[in-house]
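Trainee: I have a structure I would like to understand better, so I am pasting it below and will then ask my questions one at a time.
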Amino acid sequence: MRNWMLTRRALHPLAPGIARSFRDGRVSRREFLATMAGLGVSTAGAFALGGLTAPAAAEDKKQVGGTLRIAQNVRPFRDPRTFDGTEIANVARQCNEYLVRWNPDFTFEPWLLEGWEVSDDAMTYLLKVRPGITWSDGSPFAADDVIFNITRWCEAEAPGNSMAGRMTPLIDGDTKLAAEGAISKVDDLTVQLSLSKPDISLIAGMADYPGLIMHSSYDGSDDPMKALAITTGPCELVSYEANDRAEVRRKEAPWWKGTFALDGVVWTDFGADSTTMVAAFDAGDVDANYETPADFLEIIASTGAETAEIATGSTIVARMNVEQTPYQNVAIRRAIQLAVDNGVILDLGMNGAGTTAANHHVGPMHEEYADIGPAERDLEQSRALLAEAGAEEMEFELLSVDEDWQRNSGDAIAGQLREAGINVKRTVLPGTTYWNDWTKYPFSMTEWNGRPLGVQVLGLAYRSGVAWNESAYSNPEFDGLLDQALATADVEKRRVLMADIERILREDGVIIQPYWRSLYRSASPNVHGFGAHQAFEQHLDRVWIST
Amino acid sequence: MLLFLLRRVLIVLLSAFCLTLIVFLLTNLSPNLEKLAKSEAGTRITDREVAVWLEQHGHARPLLVRYASWLGLAPAWAPPGRHLPGQCAAAAEDDADAPRYCGILQGNWGTSTVFRGDVATILGVRLALTGNLMLWVMLVMVPSALLVGVLAGMREGSVTDRTLSSFSIVTSATPEYVSGVILIAVFASSMTGLKWFSGTAGSVADKGPSFDTMVLPVTTIALYGMGYVARMTRASMAEVMTQQYIRTARLKGVSFRNVVLKHALRNALIAPFTVIMLQFPWLLNGVVIVETLFNYKGFGWTLVEAAGANDIDLMLGCSVVAVVVVLVTQLLSDLGYVLLNPRIRVH
């Protein structure tokens, strides 16, 4: 009998059903792979069950050597569990590693873990630590290291710790720490997690960029040289000058995973203006970048760089804070939402580089996506709702940060509202002032990176009282259904719940979500394997430079 | 003379005190402190977490106490439960050795939050880079501005005068953020295909300056300042050329060339000299735009980054540097006056 799973257990009972849905075309490839990983099915197993051909790896021509220079912001370093941007993680992830990696083909690859096992009710997880990995100080990587990190993630009171939101079922509601007995050591290479409620997004959460695995001597220091002193990864940190540059070089000692082809990597900060980044390509000062904004695709091609594209769950929302005047009134929120044609925003804001979204923050890239129809522009109903609220003369202010596509999308939404006869004032703030109060703005634009599962995004952004819920949305019915969905591993059943969830979110008029973005990043033609990643992660162990 | 210098030094100190106090008050306004907390502890932290952070980092003490402790007149901030004062931590290895006072009077410029380092070190590195840029700007700008101004001013109303004046008006009327972008687009991008020079100077900080990287930033600043200085020189030159003694010299049969070089030039240079000395403080702040545009990581760029994240210690350090540069260049310009014009005496 074949072994489908990451561990030596029998095939998870839910897996064949999902595989059937996939083969019948009811579940997309991406959704299918994410669920399989969530259930502890190996990538090879998932490919076999789904009748897919595994892609052949092109490792043969790889050249060793060379330094890769990347144009990317170098934000001040901080405790990994509080990372608030992928940029810091891109430097740190060359030195330290993650339990699980989210690959650009949307599969989950066991990394520091060798595998995991999920019980049939999704209440118990067994994490198997990969044997044979050592820290740079010579001590072996073991179950205690995993426990140390997960326990840190569960400290919900630590300022800015977003991992706590991903580990909710392990956290004691009173102490705001890991619940007693939730994390336990089975043996040196096995950790058992006992959840207070079923949650299928736990593994995906561990692969997210704040989930960097730190050595047990780490004390939360925001000095990167201290934080990344003892590591498991292929590189060591050479320097980290915030807002300026960061550099890593390949360690002398062999890396457990094999060859890291580059001698080193340098990240240089070129500020917020992409024109400087393009000038750097022109000058031959950089080989690759963090992101190429859609407006710059043509000009960057003229420098000779090659651009890779990936369709993603990344998006922008114009969210209304339901606790602030006048957005407590659902009629006003709906009136604003109904006055906007999302397709137009995609064209004007993003040059059409993406797909239209439907105002509920779940999309076709999510496995449990239920198609409840597009968001229609309905000017008559919008006008009627506004009249009902007595707000025809009211002036609304839409804020956004001064960044190309975010500003353009905000302008396009304001344009649509004005066309519908609604008074709108547009305020564009520079990044330096925007972020100060951004969670408190009544009506503003927020960028969101994609997450593997639809329930994950909704749990992070719209559940009552969670850290990243800046719309202050709080609906017990929505929360209840979301909890139910999080406990439902069966995609078909979850999809039924999602239809209701999506409808509630849309009809409560919390967000205008115009489109799903395509993401781009560029590299010189002699850089191989850089590609694009749905969450801007840089997996540089795949990259090599030809001479 | 000594008294004069002493008076000037006192003015420097007094101005530095006033300016840093103002900068301190502004950077310590409550929204700015909130910004600091958010950029340090995470943009998504709650109001309560902001308050806790400010408390823990000593920003909850009375305003004047904090200012005095930056000056070094009040004890430095010590995190709760620790003997070691936080501000002094960098200065001492051991808890017991840590001094209680460590402000600017003790030679401690504080710690930058944006760059995570000692303010004095950061300012040293960044000022050296900007100094390099300014040196080249001055070397290009001053001779060419004087040449253009003198040529234009010696025969007022001639074709040379009209051509050179129009040129200087155009360059001084084009701000750096316009001329810089145009220069990059024409000489450094794939748009025109010329690509003669580099459109970014970010590598100067690591590899040192090269002709390729410095041409465009230097040209951008020099063009703007040149037009201005040339206009001043022209006006001054034109005025001198109408003086009685010049006419006398001409009537005595001195050649036009000698009249300009030996009789007119020295007097014509007095007014531009002040303007040129005023260019130093202007350059120090004027480089903000150019350094940001070319990603040249000097003083101006540092100022932008510091202001962006409300980096209190670094902003204060920048203000002290700015005050000193302004007043020292003014001092030099006053002394230079004496050399150029014997009628003026220092009192």
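Every chain in the structure tokens has a letter given in the order shown (A, B, ...), and although residue numbers restart at 1 in each chain, ligands are simply numbered from 1 in the order shown.
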Based on only C-alpha atoms, which of the residues in chain B come within 6 Å of chain A? I want them as an MDAnalysis selection string.

Mentor: chainID B and resid 35 42 45 115 190 198:200 308

Trainee: Please return as a short mmCIF file (atom, residue, chain, number, x, y, z; two decimals) with C-alpha atoms, in the first residue's frame: the residues of region 59-303 of chain B that backbone DSSP assigns to strand (DSSP E or B).

Mentor:
```cif
data_model
loop_
_atom_site.label_atom_id
_atom_site.label_comp_id
_atom_site.auth_asym_id
_atom_site.auth_seq_id
_atom_site.Cartn_x
_atom_site.Cartn_y
_atom_site.Cartn_z
CA THR B 111 20.29 56.72 20.14
CA SER B 112 18.52 56.78 16.81
CA GLY B 117 22.56 53.25 16.41
CA ASP B 118 24.46 56.02 18.10
#
```

Trainee: Provide the CA of Cys235 (chain A) to CA of Gly264 (chain A) distance in Å, to one decimal place.

Mentor: 7.7 Å

Trainee: Env of Thr220 (chain B): 8 Å cut, atoms = only C-alpha atoms, seq-sep filter 4 positions within chain, self excluded. Answer as a ChimeraX atom specification.

Mentor: /B:176,179-180,183,216,224,290

Trainee: Which residues are near Ile11 (chain B)? Cut-off 12 Å, only C-alpha atoms, ignore same chain within fewer than 2 positions. Put them as a list in words.

Mentor: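 Close residues of Ile11 (chain B): Phe4, Leu5, Leu6, Arg7, Arg8, Val9, Leu13, Leu14, Ser15, Ala16, Phe17, Cys18, Leu19, Val323, Val324, Val326, Leu327, Val328, Gln330 and Leu331 of chain B.
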
Trainee: Quick one: write out the picked residues with N, CA and C atoms as a compact mmCIF listing (two decimals), in the first residue's frame?

Mentor:
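Result written to result.txt:
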```
# COMPACT_ATOMS: atom_id res chain seq x y z
N PHE B 4 34.68 89.48 19.68
CA PHE B 4 33.78 89.23 18.56
C PHE B 4 33.52 87.72 18.40
N LEU B 5 34.61 86.92 18.45
CA LEU B 5 34.47 85.47 18.32
C LEU B 5 33.68 84.89 19.49
N LEU B 6 34.00 85.40 20.68
CA LEU B 6 33.32 84.91 21.88
C LEU B 6 31.81 85.16 21.77
N ARG B 7 31.48 86.38 21.29
CA ARG B 7 30.07 86.73 21.15
C ARG B 7 29.40 85.76 20.16
N ARG B 8 30.11 85.47 19.07
CA ARG B 8 29.55 84.57 18.06
C ARG B 8 29.32 83.16 18.64
N VAL B 9 30.27 82.68 19.41
CA VAL B 9 30.13 81.34 20.01
C VAL B 9 28.92 81.31 20.93
N LEU B 13 25.56 78.89 20.74
CA LEU B 13 25.03 78.07 21.83
C LEU B 13 23.57 78.41 22.13
N LEU B 14 23.29 79.71 22.18
CA LEU B 14 21.93 80.14 22.48
C LEU B 14 20.96 79.67 21.38
N SER B 15 21.37 79.83 20.11
CA SER B 15 20.50 79.40 19.02
C SER B 15 20.28 77.90 19.07
N ALA B 16 21.35 77.16 19.34
CA ALA B 16 21.23 75.70 19.40
C ALA B 16 20.26 75.31 20.51
N PHE B 17 20.37 76.00 21.64
CA PHE B 17 19.46 75.71 22.76
C PHE B 17 18.01 75.97 22.35
N CYS B 18 17.75 77.15 21.77
CA CYS B 18 16.38 77.50 21.38
C CYS B 18 15.85 76.52 20.34
N LEU B 19 16.66 76.25 19.31
CA LEU B 19 16.17 75.39 18.24
C LEU B 19 15.89 73.97 18.73
N VAL B 323 22.35 74.27 13.09
CA VAL B 323 22.63 75.56 13.72
C VAL B 323 24.12 75.88 13.62
N VAL B 324 24.95 74.91 13.94
CA VAL B 324 26.39 75.14 13.92
C VAL B 324 26.86 75.50 12.50
N VAL B 326 25.12 76.80 9.98
CA VAL B 326 24.63 78.12 9.58
C VAL B 326 25.50 79.20 10.21
N LEU B 327 25.70 79.12 11.52
CA LEU B 327 26.39 80.22 12.19
C LEU B 327 27.89 80.24 11.90
N VAL B 328 28.48 79.07 11.73
CA VAL B 328 29.91 79.06 11.40
C VAL B 328 30.14 79.63 10.00
N GLN B 330 28.31 81.81 8.55
CA GLN B 330 28.10 83.26 8.64
C GLN B 330 29.33 83.94 9.24
N LEU B 331 29.93 83.30 10.22
CA LEU B 331 31.14 83.83 10.83
C LEU B 331 32.24 83.95 9.79
```

Trainee: Show me, as a ChimeraX atom specification, the residues that have an atom within 12 Å of Val344 (chain A) when counting only C-alpha atoms, minus same-chain residues fewer than 6 positions from it.

Mentor: /A:350-352,354-357,376-377,408-417,514-515

Trainee: Do you know which residues are at most 8 Å from region 180-191 of chain A counting only C-alpha atoms, after dropping those on the same chain fewer than 3 positions away, and could you put them as a count of residues only?

Mentor: 18

Trainee: I need the residues of region 181-245 of chain A that end up classed as helix (DSSP H, G or I) by DSSP on the backbone, written out as a PyMOL selection string.

Mentor: chain A and resi 202-206+224-227

Trainee: Please report as a tab-separated table every residue of region 92-203 of chain B lying within 9 Å of region 262-271 of chain B, along with the nearest atom pair and their distance in Å (one decimal), using only C-alpha atoms.

Mentor:
```
residue	atom	partner	partner_atom	distance
B:Leu146	CA	B:Leu269	CA	8.5
B:Val150	CA	B:Leu265	CA	7.9
B:Met154	CA	B:Ala264	CA	8.9
```

Trainee: Generate the output file for the selected residues, N, CA and C atoms, as a compact mmCIF listing (two decimals), in the first residue's frame.

Mentor:
```txt
# COMPACT_ATOMS: atom_id res chain seq x y z
N LEU B 146 30.50 82.44 -11.13
CA LEU B 146 31.24 83.70 -11.18
C LEU B 146 31.59 84.05 -12.63
N VAL B 150 30.26 87.42 -14.26
CA VAL B 150 31.20 88.48 -14.66
C VAL B 150 31.08 88.75 -16.16
N MET B 154 29.82 92.55 -17.33
CA MET B 154 30.82 93.54 -17.73
C MET B 154 30.33 94.40 -18.89
```

Trainee: Need the shell around Arg231 (chain B): protein/DNA/RNA residues with any atom at most 7 Å away, counting only C-alpha atoms. Skip same-chain ones fewer than 4 positions apart. Format as a list of chain:residue names?

Mentor: B:Gly149, B:Ser168, B:Gly227, B:Ala235

Trainee: Hey, can you spit out that residue selection with N, CA and C atoms as a JSON list (two decimals), in the first residue's frame?

Mentor:
```json
[["chain", "number", "residue", "atom", "x", "y", "z"],
["B", 149, "GLY", "N", 28.48, 85.21, -14.36],
["B", 149, "GLY", "CA", 28.05, 86.51, -13.83],
["B", 149, "GLY", "C", 28.94, 87.63, -14.31],
["B", 168, "SER", "N", 20.78, 81.77, -16.81],
["B", 168, "SER", "CA", 20.75, 81.68, -15.34],
["B", 168, "SER", "C", 19.35, 81.80, -14.78],
["B", 227, "GLY", "N", 22.55, 79.52, -11.18],
["B", 227, "GLY", "CA", 21.75, 80.60, -11.76],
["B", 227, "GLY", "C", 21.62, 81.75, -10.78],
["B", 235, "ALA", "N", 24.62, 91.45, -11.32],
["B", 235, "ALA", "CA", 24.11, 92.73, -10.83],
["B", 235, "ALA", "C", 25.24, 93.53, -10.21]]
```

Trainee: So which one's closest to Ala68 (chain B), B:Asp311, B:Tyr337, B:Leu105, B:Pro209? Using only C-alpha atoms, please.

Mentor: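 With only C-alpha atoms as the atom set, the closest residue is B:Leu105.
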
Trainee: Smallest atom-to-atom distance to Tyr369 (chain A): which of A:Pro224, A:Gly45, A:Pro452, A:Pro234, using only C-alpha atoms?

Mentor: A:Pro452
